[in-house]
>>> print(open('run04.cif').read())   # mmCIF, C-alpha atoms and all ligand atoms
data_my_file
#
loop_
_atom_site.label_atom_id
_atom_site.label_comp_id
_atom_site.auth_asym_id
_atom_site.auth_seq_id
_atom_site.Cartn_x
_atom_site.Cartn_y
_atom_site.Cartn_z
CA MET D 1 76.69 158.07 142.96
CA LYS D 2 76.40 156.93 139.37
CA ILE D 3 79.54 155.65 137.71
CA LEU D 4 80.20 154.49 134.14
CA LEU D 5 83.27 152.39 133.37
CA CYS D 6 83.94 151.61 129.71
CA GLY D 7 86.34 148.93 128.53
CA ASP D 8 89.38 149.29 126.27
CA VAL D 9 88.91 152.11 123.75
CA VAL D 10 90.33 150.72 120.50
CA GLY D 11 91.55 153.15 117.85
CA ARG D 12 89.77 155.97 116.12
CA ALA D 13 86.45 154.10 115.96
CA GLY D 14 86.53 153.44 119.71
CA ARG D 15 87.34 157.07 120.42
CA ALA D 16 84.45 158.17 118.19
CA ALA D 17 82.08 155.93 120.19
CA VAL D 18 83.24 157.59 123.41
CA THR D 19 83.03 161.15 122.11
CA GLU D 20 79.65 160.47 120.55
CA HIS D 21 77.96 158.60 123.40
CA VAL D 22 79.55 159.66 126.69
CA PRO D 23 78.09 163.20 126.69
CA GLU D 24 74.56 161.85 126.13
CA LEU D 25 75.07 159.03 128.66
CA ARG D 26 76.22 161.58 131.23
CA ARG D 27 73.03 163.50 130.62
CA ILE D 28 70.54 160.62 130.26
CA LEU D 29 71.82 158.55 133.17
CA GLY D 30 72.89 161.45 135.39
CA LEU D 31 76.44 160.13 135.69
CA ASP D 32 78.76 161.52 138.34
CA PHE D 33 82.01 159.85 137.27
CA VAL D 34 83.19 158.26 134.02
CA VAL D 35 86.23 156.01 133.55
CA VAL D 36 87.49 154.48 130.32
CA ASN D 37 90.38 152.11 129.75
CA GLY D 38 92.52 153.85 127.14
CA GLU D 39 95.38 151.42 126.55
CA ASN D 40 94.46 150.82 122.88
CA ALA D 41 93.19 154.28 122.00
CA ALA D 42 96.08 155.22 119.65
CA ALA D 43 95.49 153.07 116.55
CA GLY D 44 95.12 150.02 118.80
CA PHE D 45 98.40 150.47 120.64
CA GLY D 46 98.91 152.84 123.56
CA ILE D 47 97.66 156.35 124.17
CA THR D 48 98.93 159.91 123.67
CA ASP D 49 98.45 163.17 125.57
CA LYS D 50 96.35 164.49 122.69
CA ILE D 51 94.02 161.47 122.92
CA CYS D 52 93.75 161.90 126.69
CA ALA D 53 92.62 165.49 126.08
CA GLU D 54 90.08 164.30 123.49
CA LEU D 55 88.62 161.79 125.97
CA TYR D 56 88.51 164.30 128.84
CA ALA D 57 86.72 166.79 126.57
CA ALA D 58 84.04 164.12 125.91
CA GLY D 59 83.30 163.88 129.64
CA VAL D 60 85.74 161.18 130.75
CA ASP D 61 87.04 161.88 134.27
CA ALA D 62 89.84 159.32 134.44
CA ILE D 63 91.62 156.86 132.15
CA THR D 64 92.98 153.46 133.15
CA THR D 65 95.36 151.33 131.09
CA GLY D 66 97.11 147.96 131.09
CA ASN D 67 99.81 146.02 129.23
CA HIS D 68 99.71 148.42 126.23
CA VAL D 69 100.23 151.59 128.28
CA TRP D 70 103.76 152.29 127.00
CA ASP D 71 103.21 151.39 123.31
CA ARG D 72 103.37 155.12 122.47
CA ARG D 73 106.55 156.20 124.20
CA GLU D 74 105.65 159.88 124.43
CA ILE D 75 103.17 159.00 127.18
CA ILE D 76 106.09 158.17 129.50
CA ALA D 77 106.97 161.87 129.82
CA TYR D 78 103.32 162.89 130.17
CA ILE D 79 102.01 160.40 132.73
CA PRO D 80 103.81 161.69 135.87
CA SER D 81 102.12 165.10 135.63
CA ASN D 82 98.66 163.72 134.80
CA PRO D 83 96.85 162.05 137.72
CA ARG D 84 93.79 161.44 135.53
CA LEU D 85 95.77 158.79 133.60
CA LEU D 86 96.64 155.61 135.53
CA ARG D 87 98.86 152.63 134.77
CA PRO D 88 98.63 149.32 136.67
CA ALA D 89 99.55 149.75 140.34
CA ASN D 90 101.49 146.48 140.43
CA PHE D 91 104.09 147.55 137.86
CA PRO D 92 107.64 147.52 139.30
CA ARG D 93 108.64 150.11 141.87
CA GLY D 94 109.99 153.22 140.11
CA THR D 95 107.66 152.96 137.09
CA PRO D 96 106.50 156.46 136.03
CA GLY D 97 102.96 157.53 136.81
CA ARG D 98 100.56 156.17 139.41
CA GLY D 99 98.33 153.13 139.79
CA SER D 100 95.59 154.75 141.86
CA HIS D 101 94.26 158.17 142.71
CA VAL D 102 91.50 159.91 144.65
CA TYR D 103 89.32 162.19 142.52
CA ARG D 104 87.13 164.89 144.04
CA LEU D 105 83.80 165.56 142.35
CA ALA D 106 82.45 169.11 142.00
CA ASP D 107 80.08 168.42 144.92
CA GLY D 108 82.93 167.27 147.17
CA ARG D 109 82.36 163.52 147.03
CA ARG D 110 85.54 161.50 146.61
CA VAL D 111 86.21 158.53 144.31
CA PHE D 112 89.19 156.23 144.71
CA LEU D 113 90.14 154.56 141.42
CA ALA D 114 92.69 151.74 141.29
CA ASN D 115 94.12 150.03 138.20
CA LEU D 116 95.73 146.60 138.56
CA MET D 117 96.94 144.01 136.09
CA ALA D 118 96.41 140.27 136.33
CA ARG D 119 99.15 137.67 135.79
CA LEU D 120 97.61 134.54 134.23
CA PHE D 121 98.62 134.51 130.51
CA MET D 122 100.06 138.01 131.04
CA ASP D 123 103.46 139.55 131.79
CA ALA D 124 105.06 138.53 135.08
CA LEU D 125 104.31 141.33 137.54
CA ASP D 126 104.06 141.94 141.26
CA ASP D 127 101.15 140.14 142.91
CA PRO D 128 97.99 142.16 142.12
CA PHE D 129 96.14 140.70 145.12
CA ALA D 130 98.83 141.85 147.55
CA ALA D 131 99.00 145.20 145.72
CA VAL D 132 95.27 145.82 146.04
CA GLU D 133 95.37 144.94 149.75
CA ALA D 134 98.11 147.53 150.25
CA LEU D 135 96.02 150.15 148.44
CA LEU D 136 92.87 149.34 150.42
CA ALA D 137 94.79 149.55 153.69
CA GLU D 138 95.25 153.24 152.86
CA ARG D 139 91.77 154.04 151.50
CA ARG D 140 88.51 152.63 152.82
CA LEU D 141 84.87 153.18 152.03
CA GLY D 142 83.72 155.74 154.57
CA GLU D 143 86.87 157.77 154.06
CA VAL D 144 86.06 157.94 150.35
CA ASP D 145 82.57 157.76 148.84
CA ALA D 146 83.28 155.13 146.17
CA ILE D 147 86.10 152.76 145.26
CA ILE D 148 86.49 151.49 141.69
CA VAL D 149 88.90 148.73 140.66
CA ASP D 150 89.81 148.12 136.99
CA PHE D 151 91.46 144.69 136.96
CA HIS D 152 93.11 144.32 133.57
CA GLY D 153 93.51 140.64 132.77
CA GLU D 154 93.08 137.71 130.42
CA ALA D 155 91.71 134.94 132.64
CA THR D 156 88.09 135.13 133.77
CA SER D 157 89.00 133.08 136.86
CA GLU D 158 91.58 135.57 138.10
CA LYS D 159 89.19 138.47 137.57
CA MET D 160 86.34 136.68 139.41
CA ALA D 161 88.72 135.88 142.27
CA MET D 162 89.55 139.59 142.56
CA GLY D 163 85.85 140.45 142.65
CA GLN D 164 85.17 137.92 145.41
CA LEU D 165 88.24 139.00 147.40
CA LEU D 166 87.08 142.62 147.39
CA ASP D 167 83.36 141.96 147.90
CA GLY D 168 82.00 144.31 150.53
CA ARG D 169 85.11 146.51 150.52
CA VAL D 170 84.82 148.37 147.20
CA SER D 171 81.99 149.74 145.09
CA LEU D 172 82.89 148.13 141.77
CA VAL D 173 85.33 145.57 140.34
CA VAL D 174 85.38 145.43 136.53
CA GLY D 175 87.69 143.47 134.30
CA THR D 176 89.20 144.88 131.12
CA HIS D 177 91.67 143.59 128.46
CA SER D 178 89.75 140.76 126.78
CA HIS D 179 87.90 143.22 124.49
CA VAL D 180 84.72 141.12 124.77
CA PRO D 181 81.95 141.95 127.27
CA THR D 182 80.79 139.23 129.64
CA ALA D 183 77.13 138.78 130.65
CA ASP D 184 77.71 138.32 134.39
CA ALA D 185 77.01 141.82 135.75
CA GLN D 186 75.86 141.35 139.34
CA ILE D 187 75.97 142.68 142.86
CA LEU D 188 78.09 140.24 144.86
CA PRO D 189 76.67 139.08 148.25
CA ARG D 190 78.38 141.76 150.34
CA GLY D 191 77.50 144.63 148.01
CA THR D 192 80.25 145.04 145.44
CA ALA D 193 79.18 145.47 141.82
CA TYR D 194 81.04 143.19 139.45
CA GLN D 195 81.45 142.27 135.78
CA THR D 196 84.24 140.01 134.54
CA ASP D 197 84.97 142.12 131.46
CA ALA D 198 83.52 145.44 130.36
CA GLY D 199 84.21 144.71 126.67
CA MET D 200 85.93 147.09 124.27
CA CYS D 201 84.77 150.34 122.78
CA GLY D 202 85.61 149.43 119.21
CA ASP D 203 84.54 147.82 115.94
CA TYR D 204 83.22 144.30 116.66
CA ASP D 205 83.43 143.27 112.98
CA SER D 206 87.04 142.38 113.77
CA VAL D 207 89.20 140.14 115.93
CA ILE D 208 89.23 141.99 119.26
CA GLY D 209 89.38 145.32 117.43
CA MET D 210 91.95 144.43 114.77
CA GLN D 211 91.14 144.02 111.06
CA LYS D 212 89.85 140.48 110.70
CA ALA D 213 91.60 139.19 107.56
CA ALA D 214 95.15 139.50 108.91
CA ALA D 215 94.13 138.40 112.38
CA VAL D 216 92.40 135.27 111.05
CA ALA D 217 95.36 134.50 108.74
CA ARG D 218 97.69 134.39 111.73
CA PHE D 219 95.63 131.60 113.27
CA VAL D 220 95.09 129.73 110.00
CA THR D 221 98.65 129.80 108.70
CA LYS D 222 100.64 129.96 111.93
CA MET D 223 102.84 132.53 110.16
CA PRO D 224 103.48 135.95 111.64
CA GLY D 225 101.94 137.65 108.58
CA GLU D 226 101.33 141.33 108.12
CA ARG D 227 101.17 143.81 110.96
CA LEU D 228 97.73 143.98 112.56
CA GLN D 229 95.81 147.15 111.74
CA VAL D 230 92.99 148.52 113.83
CA ALA D 231 89.43 147.96 112.55
CA GLU D 232 87.72 151.23 111.73
CA GLY D 233 84.07 150.34 111.14
CA PRO D 234 81.31 151.69 113.41
CA ALA D 235 82.17 150.99 117.02
CA THR D 236 80.10 149.80 119.96
CA LEU D 237 80.64 151.59 123.25
CA CYS D 238 80.76 148.89 125.96
CA GLY D 239 80.78 149.42 129.67
CA VAL D 240 78.91 149.06 132.93
CA VAL D 241 76.92 151.60 134.88
CA VAL D 242 76.73 151.34 138.64
CA GLU D 243 74.75 153.22 141.23
CA THR D 244 76.25 153.28 144.70
CA ASP D 245 74.67 154.12 148.04
CA ASP D 246 76.35 157.28 149.30
CA ALA D 247 75.85 156.16 152.89
CA THR D 248 77.91 152.97 152.47
CA GLY D 249 79.74 153.29 149.15
CA LEU D 250 78.42 149.86 148.18
CA ALA D 251 76.47 149.15 145.00
CA ARG D 252 72.71 149.34 144.69
CA ARG D 253 72.54 148.21 141.08
CA ILE D 254 74.66 147.51 138.03
CA ALA D 255 73.81 147.13 134.35
CA PRO D 256 75.72 146.66 131.12
CA VAL D 257 75.81 149.57 128.65
CA ARG D 258 76.19 148.97 124.91
CA MET D 259 75.60 151.67 122.30
CA GLY D 260 76.19 151.92 118.56
CA GLY D 261 77.96 149.54 116.20
CA ARG D 262 77.04 145.86 115.87
CA LEU D 263 76.30 144.59 119.37
CA ILE D 264 72.76 144.33 120.70
CA PRO D 265 72.15 147.66 122.45
CA SER D 266 71.69 147.97 126.18
CA LEU D 267 70.75 151.34 127.62
CA PRO D 268 69.53 150.98 131.21
CA THR D 269 67.27 154.03 131.25
CA GLU D 270 65.99 153.02 134.72
CA PHE D 271 69.28 154.49 135.99
CA ALA D 272 67.93 157.91 135.05
CA THR D 273 65.97 157.87 138.32
CA ASN D 274 67.49 157.37 141.74
CA SER D 275 66.69 153.96 143.20
FE FE G 1 93.17 146.18 125.47
FE FE G 2 95.36 144.77 127.62
#
>>> encode(input="run04.cif", output="structure tokens", more="lines below")
Ligand SMILES: [Fe+2]
Ligand SMILES: [Fe+2]
Amino acid sequence: MKILLCGDVVGRAGRAAVTEHVPELRRILGLDFVVVNGENAAAGFGITDKICAELYAAGVDAITTGNHVWDRREIIAYIPSNPRLLRPANFPRGTPGRGSHVYRLADGRRVFLANLMARLFMDALDDPFAAVEALLAERRLGEVDAIIVDFHGEATSEKMAMGQLLDGRVSLVVGTHSHVPTADAQILPRGTAYQTDAGMCGDYDSVIGMQKAAAVARFVTKMPGERLQVAEGPATLCGVVVETDDATGLARRIAPVRMGGRLIPSLPTEFATNS
């Protein structure tokens, strides 16, 4: 199975990168399942039902989120009836929506997607490591064909620890939230594909997707300054593509994907053929 997971889609520019590139990536790479993190899709803050529909129409199968999930309050009413939109599984009991779901592909194969949020330099939440163990006690490779974990967090150490904890038990662990891609894509020793952060789909002539002048001024002056506005120059789509072995659900190969905008492109065309 070939899976693409793209990091945080930031604003209109990020959405344009997804709608422009995901259809061709699906075709070129022969993708079976596409996930994007959509927590910043609405002008940098939150997501709406209309934006979900726009992303699904571009070929996105499921959307994960993180700390910005509720920034647009109308999503609270929408999320319970939409299993293709996840919020972190370790939010408090009673939170609307769901933190994981099993998706069935047209050919019958099943993908278990889980969204968790880290705690270092983040909001205090239930333990994501205990939460993921509870989820994996219910769903194992063998019962489902692939397991994907989006671990939304600030600290590289916490995200790497999650990857190592889950090595051999899931297909892919990818970090999101930092809005900067890391260069450590690898298959861990027991067969789980891993990258510390997928990077954002957004305008990289910015400070993590926000217009640079105001964002820089906040650091320089230590004053709150004007409200941050999303950067709207040409965006780079950033993500990882993984091919799993259908017999085991573990990863055969992983590669970073970068298209458009300012970042050095990476299009792993070797994924077009089956390994
Ligand atoms: Fe984000
Ligand atoms: Fe975030």
>>> atom_distance(input="run04.cif", atom1="CA of Val22 in chain D", atom2="CA of Cys52 in chain D")
14.4 Å
>>> residues_near_ligand(input="run04.cif", ligand="ligand FE 1 (chain G)", cutoff="10 Å", atoms="all atoms listed in the file", output="PyMOL selection string")
chain D and resi 7-10+37-41+44-46+65-69+152-154+176-180+199-201+208-209
>>> residues_around(input="run04.cif", residues="Met162 in chain D", least_positions_apart="6", cutoff="9 Å", atoms="only C-alpha atoms", output="ChimeraX atom specification")
/D:128-129,151,173
>>> closest_residue(input="run04.cif", among="D:Ile63, D:Val241, D:Ala146, D:Val170", to="Leu267 in chain D", atoms="only C-alpha atoms")
D:Val241
>>> residues_around(input="run04.cif", residues="Ala17 in chain D", least_positions_apart="5", cutoff="10 Å", atoms="all atoms listed in the file", output="JSON, numbers by chain")
{"D": [9, 10, 12, 22, 201, 202, 203, 234, 235, 236, 237, 238, 259, 260, 261]}
>>> closest_residue(input="run04.cif", among="D:Thr244, D:Asn82, D:Asn115, D:Thr48", to="ligand FE 2 (chain G)", atoms="all atoms listed in the file")
D:Asn115
>>> closest_residue(input="run04.cif", among="D:Ala213, D:Val132, D:Ile148, D:Ala118", to="ligand FE 2 (chain G)", atoms="all atoms listed in the file")
D:Ala118
>>> residues_around(input="run04.cif", residues="Asp32 in chain D", least_positions_apart="4", cutoff="7 Å", atoms="all atoms listed in the file", output="CSV table (one decimal) with C-alpha atoms, in the coordinates of the input")
chain,number,residue,atom,x,y,z
D,1,MET,CA,76.7,158.1,143.0
D,2,LYS,CA,76.4,156.9,139.4
D,3,ILE,CA,79.5,155.6,137.7
>>> closest_residue(input="run04.cif", among="D:Gly175, D:Val35, D:Ala137, D:Thr273", to="ligand FE 2 (chain G)", atoms="all atoms listed in the file")
D:Gly175
>>> closest_residue(input="run04.cif", among="D:Ile147, D:Ile47, D:Ala198, D:Ala53", to="Pro256 in chain D", atoms="all atoms listed in the file")
D:Ala198
>>> closest_residue(input="run04.cif", among="D:Val144, D:Ala155, D:Leu25, D:Ala131", to="ligand FE 2 (chain G)", atoms="all atoms listed in the file")
D:Ala155
>>> residues_near_point(input="run04.cif", point="(77.7, 139.1, 149.7)", cutoff="9 Å", atoms="only C-alpha atoms", output="list in words")
Gln164, Asp167, Gly168, Ile187, Leu188, Pro189, Arg190, Gly191 and Thr192 of chain D
>>> write_last_selection(input="run04.cif", atoms="C-alpha atoms", output="PDB file, keeping the file's coordinate frame")
ATOM      1  CA  GLN D 164      85.170 137.920 145.410  1.00  0.00           C
ATOM      2  CA  ASP D 167      83.360 141.960 147.900  1.00  0.00           C
ATOM      3  CA  GLY D 168      82.000 144.310 150.530  1.00  0.00           C
ATOM      4  CA  ILE D 187      75.970 142.680 142.860  1.00  0.00           C
ATOM      5  CA  LEU D 188      78.090 140.240 144.860  1.00  0.00           C
ATOM      6  CA  PRO D 189      76.670 139.080 148.250  1.00  0.00           C
ATOM      7  CA  ARG D 190      78.380 141.760 150.340  1.00  0.00           C
ATOM      8  CA  GLY D 191      77.500 144.630 148.010  1.00  0.00           C
ATOM      9  CA  THR D 192      80.250 145.040 145.440  1.00  0.00           C
TER      10      THR D 192
END
